[in-house]
Every structure is written in C-alpha cells, then in structure tokens.
Amino acid sequence: MLNTSETEQEIDQRGADPQFGILFMDSIQPKFDEKIKTRVRNMISEGTEHIVNDYIIEDVVFVDSRYRAMSQIVDCIAYIIRRYHRLSFSGSVNESELSFYKECFDIIRPRIRKGPNGRMKGAGLKIYP
C-alpha cells in the first residue's frame with residue numbers, strides 16, 4: 001500500500017517525483033500465469049538487488065501480446081537477442097545474417113543487466129529512469 005505522506009517526504013528529499021509503473025506480461029496459460037503472478041508479488045514486496053519496488057501499481061496484468069504494441073516491441077527485441085545468440089553458436093552460419101543481428105544486438109547490449117564483473121546476469125533488459 002502506498003503511503004502518501006511517505007511519498008511526499010521522498011519527493012522532498014529527492015527533489016523529483018517517483019516513477020510509478022504497471023507490469024504487463026504475456027499471458028501463457030492460467031496456471032503458469034498464476035505462478036508468475038506469485039513470483040512478481042514477492043519481487044514487488046521484497047524488492048530486487050537493484051531497486052525497491054514501492055511504486056509498482058497493482059498486480060501484474062496479463063495480456064495477449066497480439067493486441068499490445070509495447071508487448072510487440074518487447075517480442076521484437078527478444079527475437080533479435082535470441083536470433084543473434086543462435087547464429088553465434090551454430091556451426092554453419094550466413095555471415096551477412098549474423099552481421100545484421102550482431103549490429104542490432106550491439107544496440108541492445110548496453111541495456112542488458114550485468115553483474116559487478118560486467119558479465120551479463122540473468123535475463124531481461126533493465127532500464128531504470
């Protein structure tokens with residue numbers, strides 16, 4: 001539950017408005033979605049190693065990505081990452097195709113979560129305001 005007076009104090013201390021957000025995720029199957037919802041609730045209440053999630057509004061909202069433009073963008077980015085890695089590790093490769101996906105991946109790479117040693121850690125893009 002968001003406490004308004006605490007929020008106002010934080011705004012005064014930081015000098016900026018906090019970033020609020022709602023999580024949208026692809027719906028897979030009701031049973032799987034429920035497992036994800038439980039994990040996300042824990043993440044929101046406990047925070048992560050990078051951020052305290054005080055300003056996530058409500059539960060995760062499951063959507064059919066065919067009808068959400070932002071989900072379509074995320075799917076495109078995920079496809080580029082997947083395609084680049086599959087081409088990189090395959091035995092026979094079309095060099096021009098690999099070059100194209102490497103160029104795309106190099107644009108995305110700086111936004112991928114990394115550990116203290118600079119190596120990619122976990123999954124997903126982490127974009128903090």
# chains A, B, ... in the order shown; residues from 1 in each chain; ligands from 1
>>> residues_around(residues="Ile22 (chain A)", least_positions_apart="6", cutoff="9 Å", atoms="only C-alpha atoms", output="number ranges by chain")
A: 55-61
>>> residues_around(residues="Met25 (chain A)", least_positions_apart="5", cutoff="10 Å", atoms="only C-alpha atoms", output="list in words")
Asp33, Ile36, Lys37, Val60, Val61, Phe62, Val63, Asp64, Ser65 and Ser71 of chain A
>>> select_by_dssp(residues="region 76-117 of chain A", states="alpha helix (DSSP H)", output="list in words")
Cys76, Ile77, Ala78, Tyr79, Ile80, Ile81, Arg82, Arg83, Tyr84, His85, Arg86, Leu87, Ser88, Phe89, Glu95, Ser96, Glu97, Leu98, Ser99, Phe100, Tyr101, Lys102, Glu103, Cys104, Phe105, Asp106, Ile107 and Ile108 of chain A
>>> write_last_selection(atoms="C-alpha atoms", output="PDB file, in the first residue's frame")
ATOM      1  CA  CYS A  76      10.961  -7.950 -31.388  1.00  0.00           C
ATOM      2  CA  ILE A  77      13.850  -7.208 -29.027  1.00  0.00           C
ATOM      3  CA  ALA A  78      13.707 -10.729 -27.598  1.00  0.00           C
ATOM      4  CA  TYR A  79      13.758 -12.170 -31.135  1.00  0.00           C
ATOM      5  CA  ILE A  80      16.883 -10.164 -32.020  1.00  0.00           C
ATOM      6  CA  ILE A  81      18.699 -11.385 -28.903  1.00  0.00           C
ATOM      7  CA  ARG A  82      17.623 -14.989 -29.475  1.00  0.00           C
ATOM      8  CA  ARG A  83      18.471 -14.951 -33.179  1.00  0.00           C
ATOM      9  CA  TYR A  84      21.905 -13.405 -32.612  1.00  0.00           C
ATOM     10  CA  HIS A  85      22.834 -15.988 -29.991  1.00  0.00           C
ATOM     11  CA  ARG A  86      21.544 -18.915 -32.036  1.00  0.00           C
ATOM     12  CA  LEU A  87      23.519 -17.774 -35.075  1.00  0.00           C
ATOM     13  CA  SER A  88      26.624 -17.145 -32.958  1.00  0.00           C
ATOM     14  CA  PHE A  89      26.659 -20.694 -31.627  1.00  0.00           C
ATOM     15  CA  GLU A  95      27.729 -14.201 -42.379  1.00  0.00           C
ATOM     16  CA  SER A  96      25.533 -11.348 -43.625  1.00  0.00           C
ATOM     17  CA  GLU A  97      22.641 -12.524 -41.435  1.00  0.00           C
ATOM     18  CA  LEU A  98      24.947 -12.833 -38.416  1.00  0.00           C
ATOM     19  CA  SER A  99      26.364  -9.379 -39.134  1.00  0.00           C
ATOM     20  CA  PHE A 100      22.868  -7.874 -39.235  1.00  0.00           C
ATOM     21  CA  TYR A 101      21.802  -9.427 -35.921  1.00  0.00           C
ATOM     22  CA  LYS A 102      25.143  -8.543 -34.294  1.00  0.00           C
ATOM     23  CA  GLU A 103      24.630  -4.907 -35.280  1.00  0.00           C
ATOM     24  CA  CYS A 104      21.129  -4.971 -33.761  1.00  0.00           C
ATOM     25  CA  PHE A 105      22.337  -6.782 -30.644  1.00  0.00           C
ATOM     26  CA  ASP A 106      25.140  -4.251 -30.137  1.00  0.00           C
ATOM     27  CA  ILE A 107      22.476  -1.546 -29.823  1.00  0.00           C
ATOM     28  CA  ILE A 108      20.640  -3.564 -27.152  1.00  0.00           C
TER      29      ILE A 108
END
>>> atom_distance(atom1="CA of Gly118 (chain A)", atom2="CA of Ser90 (chain A)")
24.9 Å
>>> atom_distance(atom1="CA of Phe24 (chain A)", atom2="CA of Val40 (chain A)")
11.1 Å
>>> select_by_dssp(residues="region 21-129 of chain A", states="strand (DSSP E)", output="VMD selection string")
chain A and resid 24 to 26 61 to 63 112 to 114 120 to 125
>>> atom_distance(atom1="CA of Pro116 (chain A)", atom2="CA of Glu46 (chain A)")
21.3 Å
